[in-house]
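Engineer: File follows, model-v8.pdb with PDB, C-alpha atoms:
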ATOM      1  CA  MET A   1      -4.920  22.689  -3.979  1.00  0.00           C
ATOM      2  CA  ARG A   2      -7.654  21.670  -6.421  1.00  0.00           C
ATOM      3  CA  ALA A   3     -10.850  19.766  -5.697  1.00  0.00           C
ATOM      4  CA  GLU A   4     -13.062  17.761  -8.036  1.00  0.00           C
ATOM      5  CA  ARG A   5     -16.342  16.027  -7.325  1.00  0.00           C
ATOM      6  CA  LEU A   6     -16.380  12.277  -6.815  1.00  0.00           C
ATOM      7  CA  GLY A   7     -20.115  12.344  -6.202  1.00  0.00           C
ATOM      8  CA  GLU A   8     -22.677  14.244  -4.191  1.00  0.00           C
ATOM      9  CA  ARG A   9     -20.845  13.559  -0.915  1.00  0.00           C
ATOM     10  CA  ALA A  10     -17.221  13.189  -1.983  1.00  0.00           C
ATOM     11  CA  LEU A  11     -14.308  15.167  -3.407  1.00  0.00           C
ATOM     12  CA  ILE A  12     -10.863  14.268  -4.683  1.00  0.00           C
ATOM     13  CA  LEU A  13      -8.094  16.693  -3.742  1.00  0.00           C
ATOM     14  CA  ARG A  14      -5.128  17.303  -6.049  1.00  0.00           C
ATOM     15  CA  ASP A  15      -1.962  19.448  -5.897  1.00  0.00           C
ATOM     16  CA  LEU A  16      -1.758  19.021  -2.152  1.00  0.00           C
ATOM     17  CA  PRO A  17       0.600  21.229  -0.122  1.00  0.00           C
ATOM     18  CA  ILE A  18       1.685  18.296   2.070  1.00  0.00           C
ATOM     19  CA  ALA A  19       2.070  14.531   1.711  1.00  0.00           C
ATOM     20  CA  PRO A  20      -1.272  12.815   0.999  1.00  0.00           C
ATOM     21  CA  HIS A  21      -1.187  10.572   4.077  1.00  0.00           C
ATOM     22  CA  VAL A  22      -0.468  13.567   6.322  1.00  0.00           C
ATOM     23  CA  ALA A  23      -3.276  15.534   4.678  1.00  0.00           C
ATOM     24  CA  ALA A  24      -5.694  12.634   5.121  1.00  0.00           C
ATOM     25  CA  ASP A  25      -4.953  12.427   8.847  1.00  0.00           C
ATOM     26  CA  ALA A  26      -5.488  16.157   9.252  1.00  0.00           C
ATOM     27  CA  LEU A  27      -8.745  16.207   7.291  1.00  0.00           C
ATOM     28  CA  MET A  28     -10.257  13.525   9.520  1.00  0.00           C
ATOM     29  CA  GLU A  29     -10.468  16.249  12.184  1.00  0.00           C
ATOM     30  CA  VAL A  30     -12.629  18.538  10.033  1.00  0.00           C
ATOM     31  CA  ALA A  31     -16.290  18.686  11.009  1.00  0.00           C
ATOM     32  CA  GLY A  32     -18.504  16.855   8.536  1.00  0.00           C
ATOM     33  CA  VAL A  33     -15.745  14.646   7.131  1.00  0.00           C
ATOM     34  CA  GLN A  34     -16.652  10.968   7.342  1.00  0.00           C
ATOM     35  CA  GLU A  35     -13.413   9.606   5.883  1.00  0.00           C
ATOM     36  CA  ALA A  36     -10.262  10.853   4.145  1.00  0.00           C
ATOM     37  CA  VAL A  37      -8.318   8.314   2.094  1.00  0.00           C
ATOM     38  CA  ALA A  38      -4.776   8.890   0.866  1.00  0.00           C
ATOM     39  CA  SER A  39      -3.431   7.707  -2.471  1.00  0.00           C
ATOM     40  CA  TYR A  40      -0.161   8.305  -4.342  1.00  0.00           C
ATOM     41  CA  GLU A  41      -0.749  11.998  -5.070  1.00  0.00           C
ATOM     42  CA  THR A  42      -4.344  12.655  -4.047  1.00  0.00           C
ATOM     43  CA  VAL A  43      -6.794  12.363  -1.163  1.00  0.00           C
ATOM     44  CA  GLY A  44     -10.409  11.258  -1.445  1.00  0.00           C
ATOM     45  CA  VAL A  45     -12.633  13.031   1.084  1.00  0.00           C
ATOM     46  CA  TYR A  46     -16.042  11.610   1.951  1.00  0.00           C
ATOM     47  CA  PHE A  47     -18.659  13.653   3.806  1.00  0.00           C
ATOM     48  CA  TYR A  48     -21.694  12.788   5.896  1.00  0.00           C
ATOM     49  CA  ASP A  49     -23.813  15.288   3.984  1.00  0.00           C
ATOM     50  CA  ARG A  50     -24.111  16.434   0.384  1.00  0.00           C
ATOM     51  CA  VAL A  51     -21.470  18.903  -0.802  1.00  0.00           C
ATOM     52  CA  ARG A  52     -23.456  21.869  -2.086  1.00  0.00           C
ATOM     53  CA  SER A  53     -20.555  24.238  -2.757  1.00  0.00           C
ATOM     54  CA  VAL A  54     -17.248  22.707  -3.832  1.00  0.00           C
ATOM     55  CA  GLN A  55     -15.548  26.090  -3.563  1.00  0.00           C
ATOM     56  CA  GLU A  56     -16.721  26.662  -0.001  1.00  0.00           C
ATOM     57  CA  VAL A  57     -15.804  23.185   1.188  1.00  0.00           C
ATOM     58  CA  THR A  58     -12.425  23.352  -0.548  1.00  0.00           C
ATOM     59  CA  SER A  59     -11.681  26.586   1.276  1.00  0.00           C
ATOM     60  CA  THR A  60     -12.484  24.934   4.607  1.00  0.00           C
ATOM     61  CA  LEU A  61     -10.274  21.936   3.833  1.00  0.00           C
ATOM     62  CA  SER A  62      -7.456  24.157   2.606  1.00  0.00           C
ATOM     63  CA  ASP A  63      -7.600  26.161   5.839  1.00  0.00           C
ATOM     64  CA  ALA A  64      -7.336  22.923   7.834  1.00  0.00           C
ATOM     65  CA  LEU A  65      -4.251  21.832   5.906  1.00  0.00           C
ATOM     66  CA  SER A  66      -2.606  25.227   6.333  1.00  0.00           C
ATOM     67  CA  LEU A  67      -2.673  24.662  10.109  1.00  0.00           C
ATOM     68  CA  VAL A  68      -0.650  21.447   9.876  1.00  0.00           C
ATOM     69  CA  GLN A  69       2.737  22.008  11.430  1.00  0.00           C
ATOM     70  CA  THR A  70       5.948  20.282  10.373  1.00  0.00           C
ATOM     71  CA  VAL A  71       5.498  16.598  11.116  1.00  0.00           C
ATOM     72  CA  ASP A  72       7.423  13.380  10.823  1.00  0.00           C
ATOM     73  CA  GLU A  73       6.138  11.954   7.553  1.00  0.00           C
ATOM     74  CA  GLY A  74       7.961   8.654   7.955  1.00  0.00           C
ATOM     75  CA  GLY A  75       5.127   6.632   9.467  1.00  0.00           C
ATOM     76  CA  VAL A  76       5.617   3.366  11.327  1.00  0.00           C
ATOM     77  CA  LEU A  77       8.398   1.054  10.148  1.00  0.00           C
ATOM     78  CA  ARG A  78       7.020  -2.445   9.475  1.00  0.00           C
ATOM     79  CA  THR A  79       9.405  -5.363   9.012  1.00  0.00           C
ATOM     80  CA  ILE A  80       7.973  -8.245   6.999  1.00  0.00           C
ATOM     81  CA  PRO A  81       9.810 -11.583   6.755  1.00  0.00           C
ATOM     82  CA  VAL A  82       9.583 -13.283   3.364  1.00  0.00           C
ATOM     83  CA  CYS A  83      10.348 -16.814   2.244  1.00  0.00           C
ATOM     84  CA  TYR A  84      11.252 -16.457  -1.409  1.00  0.00           C
ATOM     85  CA  GLU A  85      11.246 -20.236  -1.846  1.00  0.00           C
ATOM     86  CA  PHE A  86       7.449 -19.945  -2.032  1.00  0.00           C
ATOM     87  CA  GLY A  87       7.542 -17.430  -4.880  1.00  0.00           C
ATOM     88  CA  GLU A  88       5.539 -19.114  -7.616  1.00  0.00           C
ATOM     89  CA  ASP A  89       6.607 -16.594 -10.247  1.00  0.00           C
ATOM     90  CA  LEU A  90      10.145 -15.924  -9.045  1.00  0.00           C
ATOM     91  CA  ARG A  91      11.859 -17.974 -11.751  1.00  0.00           C
ATOM     92  CA  ALA A  92       9.777 -16.559 -14.589  1.00  0.00           C
ATOM     93  CA  THR A  93      10.200 -13.031 -13.217  1.00  0.00           C
ATOM     94  CA  ALA A  94      13.976 -13.444 -13.029  1.00  0.00           C
ATOM     95  CA  GLU A  95      14.021 -14.701 -16.612  1.00  0.00           C
ATOM     96  CA  GLN A  96      11.941 -11.731 -17.758  1.00  0.00           C
ATOM     97  CA  LEU A  97      14.335  -9.338 -16.011  1.00  0.00           C
ATOM     98  CA  ASP A  98      17.376 -11.280 -17.283  1.00  0.00           C
ATOM     99  CA  LEU A  99      18.702 -11.554 -13.731  1.00  0.00           C
ATOM    100  CA  PRO A 100      19.605 -14.479 -11.459  1.00  0.00           C
ATOM    101  CA  GLU A 101      16.869 -15.291  -8.940  1.00  0.00           C
ATOM    102  CA  ASP A 102      19.139 -14.416  -6.011  1.00  0.00           C
ATOM    103  CA  GLU A 103      19.753 -10.982  -7.507  1.00  0.00           C
ATOM    104  CA  VAL A 104      16.019 -10.334  -7.857  1.00  0.00           C
ATOM    105  CA  ILE A 105      15.670 -11.237  -4.187  1.00  0.00           C
ATOM    106  CA  SER A 106      18.653  -9.139  -3.147  1.00  0.00           C
ATOM    107  CA  VAL A 107      17.367  -6.080  -4.983  1.00  0.00           C
ATOM    108  CA  HIS A 108      13.859  -6.511  -3.579  1.00  0.00           C
ATOM    109  CA  LEU A 109      15.357  -6.568  -0.075  1.00  0.00           C
ATOM    110  CA  SER A 110      17.650  -3.608  -0.669  1.00  0.00           C
ATOM    111  CA  VAL A 111      15.286  -0.691  -0.107  1.00  0.00           C
ATOM    112  CA  GLU A 112      12.687   0.594   2.325  1.00  0.00           C
ATOM    113  CA  TYR A 113       9.254   1.038   0.764  1.00  0.00           C
ATOM    114  CA  LEU A 114       6.595   3.649   1.434  1.00  0.00           C
ATOM    115  CA  CYS A 115       2.960   2.592   1.719  1.00  0.00           C
ATOM    116  CA  PHE A 116       1.285   5.071  -0.607  1.00  0.00           C
ATOM    117  CA  ALA A 117      -2.238   3.739  -0.237  1.00  0.00           C
ATOM    118  CA  VAL A 118      -4.336   0.881   1.097  1.00  0.00           C
ATOM    119  CA  GLY A 119      -7.035  -0.510  -1.163  1.00  0.00           C
ATOM    120  CA  PHE A 120      -8.226  -3.269  -3.515  1.00  0.00           C
ATOM    121  CA  ALA A 121      -8.757  -5.538  -0.474  1.00  0.00           C
ATOM    122  CA  PRO A 122      -8.678  -4.786   3.270  1.00  0.00           C
ATOM    123  CA  GLY A 123      -5.068  -4.265   4.320  1.00  0.00           C
ATOM    124  CA  PHE A 124      -3.602  -4.411   0.791  1.00  0.00           C
ATOM    125  CA  GLY A 125      -0.858  -1.786   0.819  1.00  0.00           C
ATOM    126  CA  TYR A 126       0.559  -0.352  -2.395  1.00  0.00           C
ATOM    127  CA  LEU A 127       4.294  -0.114  -1.681  1.00  0.00           C
ATOM    128  CA  GLY A 128       6.899   1.678  -3.756  1.00  0.00           C
ATOM    129  CA  TYR A 129       8.967   2.258  -5.464  1.00  0.00           C
ATOM    130  CA  LEU A 130      10.837  -0.799  -6.704  1.00  0.00           C
ATOM    131  CA  PRO A 131      14.499  -0.313  -7.603  1.00  0.00           C
ATOM    132  CA  GLU A 132      14.973   0.203 -11.315  1.00  0.00           C
ATOM    133  CA  ALA A 133      16.678  -3.183 -11.735  1.00  0.00           C
ATOM    134  CA  ILE A 134      13.467  -5.094 -10.962  1.00  0.00           C
ATOM    135  CA  ALA A 135      10.869  -2.543 -12.092  1.00  0.00           C
ATOM    136  CA  GLY A 136       8.693  -2.869 -15.163  1.00  0.00           C
ATOM    137  CA  VAL A 137       7.478  -6.451 -14.792  1.00  0.00           C
ATOM    138  CA  GLY A 138       3.979  -6.773 -16.220  1.00  0.00           C
ATOM    139  CA  ARG A 139       0.996  -8.459 -14.635  1.00  0.00           C
ATOM    140  CA  LEU A 140       0.097 -12.039 -15.489  1.00  0.00           C
ATOM    141  CA  ASP A 141      -1.734 -12.433 -18.789  1.00  0.00           C
ATOM    142  CA  THR A 142      -4.425 -14.352 -16.907  1.00  0.00           C
ATOM    143  CA  PRO A 143      -4.879 -13.412 -13.221  1.00  0.00           C
ATOM    144  CA  ARG A 144      -5.046 -16.206 -10.672  1.00  0.00           C
ATOM    145  CA  THR A 145      -8.470 -16.891  -9.251  1.00  0.00           C
ATOM    146  CA  ARG A 146      -6.847 -17.341  -5.832  1.00  0.00           C
ATOM    147  CA  VAL A 147      -3.662 -15.869  -4.408  1.00  0.00           C
ATOM    148  CA  GLU A 148      -2.596 -17.301  -1.069  1.00  0.00           C
ATOM    149  CA  PRO A 149      -2.624 -14.936   1.947  1.00  0.00           C
ATOM    150  CA  GLY A 150       0.818 -13.487   2.599  1.00  0.00           C
ATOM    151  CA  SER A 151       1.948 -13.699  -1.015  1.00  0.00           C
ATOM    152  CA  VAL A 152       4.549 -11.034  -1.792  1.00  0.00           C
ATOM    153  CA  ALA A 153       4.272  -9.712  -5.322  1.00  0.00           C
ATOM    154  CA  ILE A 154       5.594  -7.122  -7.739  1.00  0.00           C
ATOM    155  CA  THR A 155       4.400  -5.384 -10.883  1.00  0.00           C
ATOM    156  CA  GLY A 156       5.424  -2.166 -12.580  1.00  0.00           C
ATOM    157  CA  ARG A 157       7.118  -0.014  -9.934  1.00  0.00           C
ATOM    158  CA  GLN A 158       5.139  -1.474  -7.035  1.00  0.00           C
ATOM    159  CA  THR A 159       5.323  -4.330  -4.557  1.00  0.00           C
ATOM    160  CA  ALA A 160       2.680  -5.571  -2.134  1.00  0.00           C
ATOM    161  CA  VAL A 161       1.594  -8.336   0.195  1.00  0.00           C
ATOM    162  CA  TYR A 162      -1.766  -9.987  -0.462  1.00  0.00           C
ATOM    163  CA  PRO A 163      -3.291 -10.004   3.049  1.00  0.00           C
ATOM    164  CA  GLN A 164      -6.158 -12.359   2.226  1.00  0.00           C
ATOM    165  CA  ALA A 165      -7.000 -15.056  -0.307  1.00  0.00           C
ATOM    166  CA  THR A 166      -8.194 -13.072  -3.332  1.00  0.00           C
ATOM    167  CA  PRO A 167      -7.850 -13.149  -7.103  1.00  0.00           C
ATOM    168  CA  GLY A 168      -4.725 -11.386  -8.295  1.00  0.00           C
ATOM    169  CA  GLY A 169      -2.545 -10.739 -11.309  1.00  0.00           C
ATOM    170  CA  TRP A 170       0.720  -9.545  -9.801  1.00  0.00           C
ATOM    171  CA  ARG A 171       3.883 -11.675  -9.989  1.00  0.00           C
ATOM    172  CA  MET A 172       4.393 -13.760  -6.826  1.00  0.00           C
ATOM    173  CA  ILE A 173       8.046 -13.747  -5.761  1.00  0.00           C
ATOM    174  CA  GLY A 174       7.677 -14.889  -2.127  1.00  0.00           C
ATOM    175  CA  ARG A 175       5.383 -15.287   0.853  1.00  0.00           C
ATOM    176  CA  THR A 176       5.286 -14.038   4.410  1.00  0.00           C
ATOM    177  CA  PRO A 177       4.052 -16.245   7.276  1.00  0.00           C
ATOM    178  CA  LEU A 178       2.620 -13.248   9.120  1.00  0.00           C
ATOM    179  CA  THR A 179      -1.083 -12.508   9.491  1.00  0.00           C
ATOM    180  CA  MET A 180      -1.463  -9.168   7.737  1.00  0.00           C
ATOM    181  CA  VAL A 181      -5.116  -8.524   8.636  1.00  0.00           C
ATOM    182  CA  ASP A 182      -7.835  -9.947  10.847  1.00  0.00           C
ATOM    183  CA  VAL A 183     -11.183  -8.642   9.654  1.00  0.00           C
ATOM    184  CA  GLU A 184     -13.191 -10.127  12.514  1.00  0.00           C
ATOM    185  CA  ASP A 185     -10.851  -8.580  15.075  1.00  0.00           C
ATOM    186  CA  ASP A 186     -10.696  -5.253  13.197  1.00  0.00           C
ATOM    187  CA  TYR A 187      -6.926  -5.645  12.871  1.00  0.00           C
ATOM    188  CA  PHE A 188      -5.500  -3.631   9.969  1.00  0.00           C
ATOM    189  CA  PRO A 189      -1.976  -2.588  10.984  1.00  0.00           C
ATOM    190  CA  LEU A 190      -0.686  -1.202   7.668  1.00  0.00           C
ATOM    191  CA  SER A 191      -1.584   2.401   6.886  1.00  0.00           C
ATOM    192  CA  ALA A 192      -0.699   4.919   4.201  1.00  0.00           C
ATOM    193  CA  GLY A 193       2.531   6.616   5.241  1.00  0.00           C
ATOM    194  CA  ASP A 194       4.003   3.536   6.905  1.00  0.00           C
ATOM    195  CA  ARG A 195       7.396   2.265   5.761  1.00  0.00           C
ATOM    196  CA  VAL A 196       8.056  -1.386   4.958  1.00  0.00           C
ATOM    197  CA  ARG A 197      11.288  -3.349   4.890  1.00  0.00           C
ATOM    198  CA  PHE A 198      11.426  -6.990   3.849  1.00  0.00           C
ATOM    199  CA  THR A 199      13.783  -9.555   5.391  1.00  0.00           C
ATOM    200  CA  ARG A 200      14.631 -12.984   4.022  1.00  0.00           C
ATOM    201  CA  ILE A 201      13.765 -16.198   5.894  1.00  0.00           C
ATOM    202  CA  ASP A 202      13.899 -19.890   5.011  1.00  0.00           C
ATOM    203  CA  ALA A 203      11.103 -22.464   5.041  1.00  0.00           C
ATOM    204  CA  ARG A 204      11.878 -23.553   8.603  1.00  0.00           C
ATOM    205  CA  GLU A 205      11.621 -19.989   9.909  1.00  0.00           C
ATOM    206  CA  PHE A 206       8.444 -19.561   7.868  1.00  0.00           C
ATOM    207  CA  GLU A 207       6.819 -22.418   9.778  1.00  0.00           C
ATOM    208  CA  ARG A 208       8.028 -21.049  13.104  1.00  0.00           C
ATOM    209  CA  LEU A 209       6.500 -17.642  12.421  1.00  0.00           C
ATOM    210  CA  ARG A 210       3.320 -18.845  10.739  1.00  0.00           C
ATOM    211  CA  GLY A 211       0.252 -17.029  12.046  1.00  0.00           C
ATOM    212  CA  GLU A 212       2.069 -14.321  14.005  1.00  0.00           C
ATOM    213  CA  ARG A 213       0.704 -10.864  13.445  1.00  0.00           C
ATOM    214  CA  LEU A 214       2.464  -8.106  11.575  1.00  0.00           C
TER     215      LEU A 214
END
So that I can check it, write out the structure of this file as structure tokens.
Structural biologist:
Amino acid sequence: MRAERLGERALILRDLPIAPHVAADALMEVAGVQEAVASYETVGVYFYDRVRSVQEVTSTLSDALSLVQTVDEGGVLRTIPVCYEFGEDLRATAEQLDLPEDEVISVHLSVEYLCFAVGFAPGFGYLGYLPEAIAGVGRLDTPRTRVEPGSVAITGRQTAVYPQATPGGWRMIGRTPLTMVDVEDDYFPLSAGDRVRFTRIDAREFERLRGERL
């Protein structure tokens, strides 16, 4: 495992011996650690106090990870219903991929995704990887100033659900009626390590489920 400074009170850990989300959970138990945040291949570790010796702190963190026993790395399975009729970019995305719209939908539904990291906005989970048939779609040339909450999007090898109204440049292929986050209620159900499967619903089911929580 290697560590690099992110600042006076933070390190980024690389070449981890275990999955990043498992490492992050374990490091939260280390004295002096304020927060450990998992990403695709790394973990950012934030401390209450200044890190004076990277080598010494790295040794302590490495010792903590060596104590982690074999664990279930699958995380919680989250099922997210999606109405693809509300996908503003579905047609253009299908044309770019040279596939029928129904095939884009079918492929998007065909796999279970891993939440590698949560960032950009509260509750925004980076999910991957997309099947090869629908991977490689670029971002919009001009990002939208507002993406509706629940919008399901793809770009590159990733897919995600925009949990709140924010600007965004990913391609919108559908929308979920579920409430993905509630900041005031401190409700953030999606975590790194969770698994996500999408299911298809129609507009009527969308209205029936509108506002239910993930």
Engineer: Please determine, counting all atoms listed in the file, which residue among A:Gln69, A:Thr93, A:Gln34, A:Gln55 has the shortest atom-to-atom distance to Val22 (chain A).
Structural biologist: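 Ranking A:Gln69, A:Thr93, A:Gln34, A:Gln55 by distance to Val22 (chain A), first place goes to A:Gln69.
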Engineer: CA of Thr176 (chain A) to CA of Pro81 (chain A): how many Å, to one decimal?
Structural biologist: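 So the answer is 5.7 Å.
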Engineer: Interatomic distance between CA of Glu88 (chain A) and CA of Met172 (chain A)?
Structural biologist: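 Distance between the two atoms: 5.5 Å.
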Engineer: Run through the PyMOL selection byres ((chain A and resi 130-132) around 7) on the given coordinates and return the selected residues as an NGL selection string.
Structural biologist: :A and (107 or 128-129 or 133-135 or 157-159)
Engineer: Tell me which residues the PyMOL selection byres ((chain A and resi 31) around 10) grabs here, as a ChimeraX atom specification.
Structural biologist: /A:27-30,32-34,47-48,60-61
Engineer: From the list A:Gly150, A:Gly44, A:Gly123, A:Gly169, which residue is nearest Asp186 (chain A) when using only C-alpha atoms?
Structural biologist: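 With only C-alpha atoms as the atom set, the closest residue is A:Gly123.
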Engineer: Spell out the residues picked by the PyMOL selection byres ((chain A and resi 115) around 7) here, as a list in words.
Structural biologist: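 Taken over the shown coordinates, the PyMOL selection byres ((chain A and resi 115) around 7) returns Tyr113, Leu114, Phe116, Ala117, Gly125, Tyr126, Leu127, Gly128, Ser191, Ala192, Gly193, Asp194 and Arg195 of chain A.
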Engineer: Neighbours of region 78-80 of chain A within 10 Å (only C-alpha atoms; same-chain residues fewer than 3 positions away dropped), as a list in words?
Structural biologist: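 Skipping anything fewer than 3 positions along the chain leaves Gly75, Glu112, Tyr113, Gly150, Val152, Val161, Arg175, Thr176, Pro177, Leu178, Met180, Pro189, Leu190, Asp194, Arg195, Val196, Arg197, Phe198, Thr199, Arg200, Ile201 and Leu214 of chain A.
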Engineer: Could those residues be written to a file, using C-alpha atoms, as a PDB file, in the coordinates of the input?
Structural biologist:
ATOM      1  CA  GLY A  75       5.127   6.632   9.467  1.00  0.00           C
ATOM      2  CA  GLU A 112      12.687   0.594   2.325  1.00  0.00           C
ATOM      3  CA  TYR A 113       9.254   1.038   0.764  1.00  0.00           C
ATOM      4  CA  GLY A 150       0.818 -13.487   2.599  1.00  0.00           C
ATOM      5  CA  VAL A 152       4.549 -11.034  -1.792  1.00  0.00           C
ATOM      6  CA  VAL A 161       1.594  -8.336   0.195  1.00  0.00           C
ATOM      7  CA  ARG A 175       5.383 -15.287   0.853  1.00  0.00           C
ATOM      8  CA  THR A 176       5.286 -14.038   4.410  1.00  0.00           C
ATOM      9  CA  PRO A 177       4.052 -16.245   7.276  1.00  0.00           C
ATOM     10  CA  LEU A 178       2.620 -13.248   9.120  1.00  0.00           C
ATOM     11  CA  MET A 180      -1.463  -9.168   7.737  1.00  0.00           C
ATOM     12  CA  PRO A 189      -1.976  -2.588  10.984  1.00  0.00           C
ATOM     13  CA  LEU A 190      -0.686  -1.202   7.668  1.00  0.00           C
ATOM     14  CA  ASP A 194       4.003   3.536   6.905  1.00  0.00           C
ATOM     15  CA  ARG A 195       7.396   2.265   5.761  1.00  0.00           C
ATOM     16  CA  VAL A 196       8.056  -1.386   4.958  1.00  0.00           C
ATOM     17  CA  ARG A 197      11.288  -3.349   4.890  1.00  0.00           C
ATOM     18  CA  PHE A 198      11.426  -6.990   3.849  1.00  0.00           C
ATOM     19  CA  THR A 199      13.783  -9.555   5.391  1.00  0.00           C
ATOM     20  CA  ARG A 200      14.631 -12.984   4.022  1.00  0.00           C
ATOM     21  CA  ILE A 201      13.765 -16.198   5.894  1.00  0.00           C
ATOM     22  CA  LEU A 214       2.464  -8.106  11.575  1.00  0.00           C
TER      23      LEU A 214
END
Engineer: When distances are computed from all atoms listed in the file, which of A:Ala121, A:Arg2, A:Thr58, A:Ser110 shows the smallest separation from Leu16 (chain A)?
Structural biologist: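 When distances to Leu16 (chain A) are compared using all atoms listed in the file, the smallest one comes from A:Arg2.
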Engineer: Have a look at CA of Glu85 (chain A) and CA of Val137 (chain A) and let me know their distance in Å, one decimal.
Structural biologist: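 Distance reported for this atom pair: 19.3 Å.
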Engineer: Identify which of the residues A:Thr42, A:Gln164, A:Thr179, A:Ser53 lies closest to Phe124 (chain A), counting all atoms listed in the file when measuring atom-to-atom distances.
Structural biologist: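 Nearest to Phe124 (chain A): A:Gln164.
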Engineer: Out of A:Val147, A:Ile105, A:Leu13, A:Leu65, which residue has the shortest atom-to-atom distance to Tyr40 (chain A) when counting all atoms listed in the file?
Structural biologist: A:Leu13
Engineer: Between A:Glu56, A:Phe188, A:Glu207, A:Thr166, which residue has the minimum interatomic distance to Arg146 (chain A), considering all atoms listed in the file?
Structural biologist: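 That would be A:Thr166, the residue with the smallest distance to Arg146 (chain A).
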Engineer: Counting all atoms listed in the file, what is within 6 Å of Gly174 (chain A), bar same-chain residues fewer than 5 positions away, as a list in words?
Structural biologist: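 So the residues in contact are Cys83, Tyr84, Phe86, Gly87, Ser151 and Val152 of chain A.
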Engineer: Counting all atoms listed in the file, which residues have an atom no more than 8 Å from (7.9, -10.3, -13.8) in the file's coordinates? Please list them as a PyMOL selection string.
Structural biologist: chain A and resi 89-90+92-94+96-97+136-139+154-155+171
Engineer: Around (-0.9, 18.3, 2.1) in the file's frame, which residues reach within 10 Å when counting all atoms listed in the file? Return as a list of chain:residue names?
Structural biologist: A:Met1, A:Leu13, A:Arg14, A:Asp15, A:Leu16, A:Pro17, A:Ile18, A:Ala19, A:Pro20, A:His21, A:Val22, A:Ala23, A:Ala24, A:Asp25, A:Ala26, A:Leu27, A:Glu41, A:Thr42, A:Val43, A:Ser62, A:Ala64, A:Leu65, A:Ser66, A:Val68
Engineer: Would you write out those residues with C-alpha atoms, as an mmCIF file, in the coordinates of the input?
Structural biologist:
data_model
loop_
_atom_site.group_PDB
_atom_site.id
_atom_site.type_symbol
_atom_site.label_atom_id
_atom_site.label_comp_id
_atom_site.auth_asym_id
_atom_site.auth_seq_id
_atom_site.Cartn_x
_atom_site.Cartn_y
_atom_site.Cartn_z
ATOM 1 C CA MET A 1 -4.920 22.689 -3.979
ATOM 2 C CA LEU A 13 -8.094 16.693 -3.742
ATOM 3 C CA ARG A 14 -5.128 17.303 -6.049
ATOM 4 C CA ASP A 15 -1.962 19.448 -5.897
ATOM 5 C CA LEU A 16 -1.758 19.021 -2.152
ATOM 6 C CA PRO A 17 0.600 21.229 -0.122
ATOM 7 C CA ILE A 18 1.685 18.296 2.070
ATOM 8 C CA ALA A 19 2.070 14.531 1.711
ATOM 9 C CA PRO A 20 -1.272 12.815 0.999
ATOM 10 C CA HIS A 21 -1.187 10.572 4.077
ATOM 11 C CA VAL A 22 -0.468 13.567 6.322
ATOM 12 C CA ALA A 23 -3.276 15.534 4.678
ATOM 13 C CA ALA A 24 -5.694 12.634 5.121
ATOM 14 C CA ASP A 25 -4.953 12.427 8.847
ATOM 15 C CA ALA A 26 -5.488 16.157 9.252
ATOM 16 C CA LEU A 27 -8.745 16.207 7.291
ATOM 17 C CA GLU A 41 -0.749 11.998 -5.070
ATOM 18 C CA THR A 42 -4.344 12.655 -4.047
ATOM 19 C CA VAL A 43 -6.794 12.363 -1.163
ATOM 20 C CA SER A 62 -7.456 24.157 2.606
ATOM 21 C CA ALA A 64 -7.336 22.923 7.834
ATOM 22 C CA LEU A 65 -4.251 21.832 5.906
ATOM 23 C CA SER A 66 -2.606 25.227 6.333
ATOM 24 C CA VAL A 68 -0.650 21.447 9.876
#
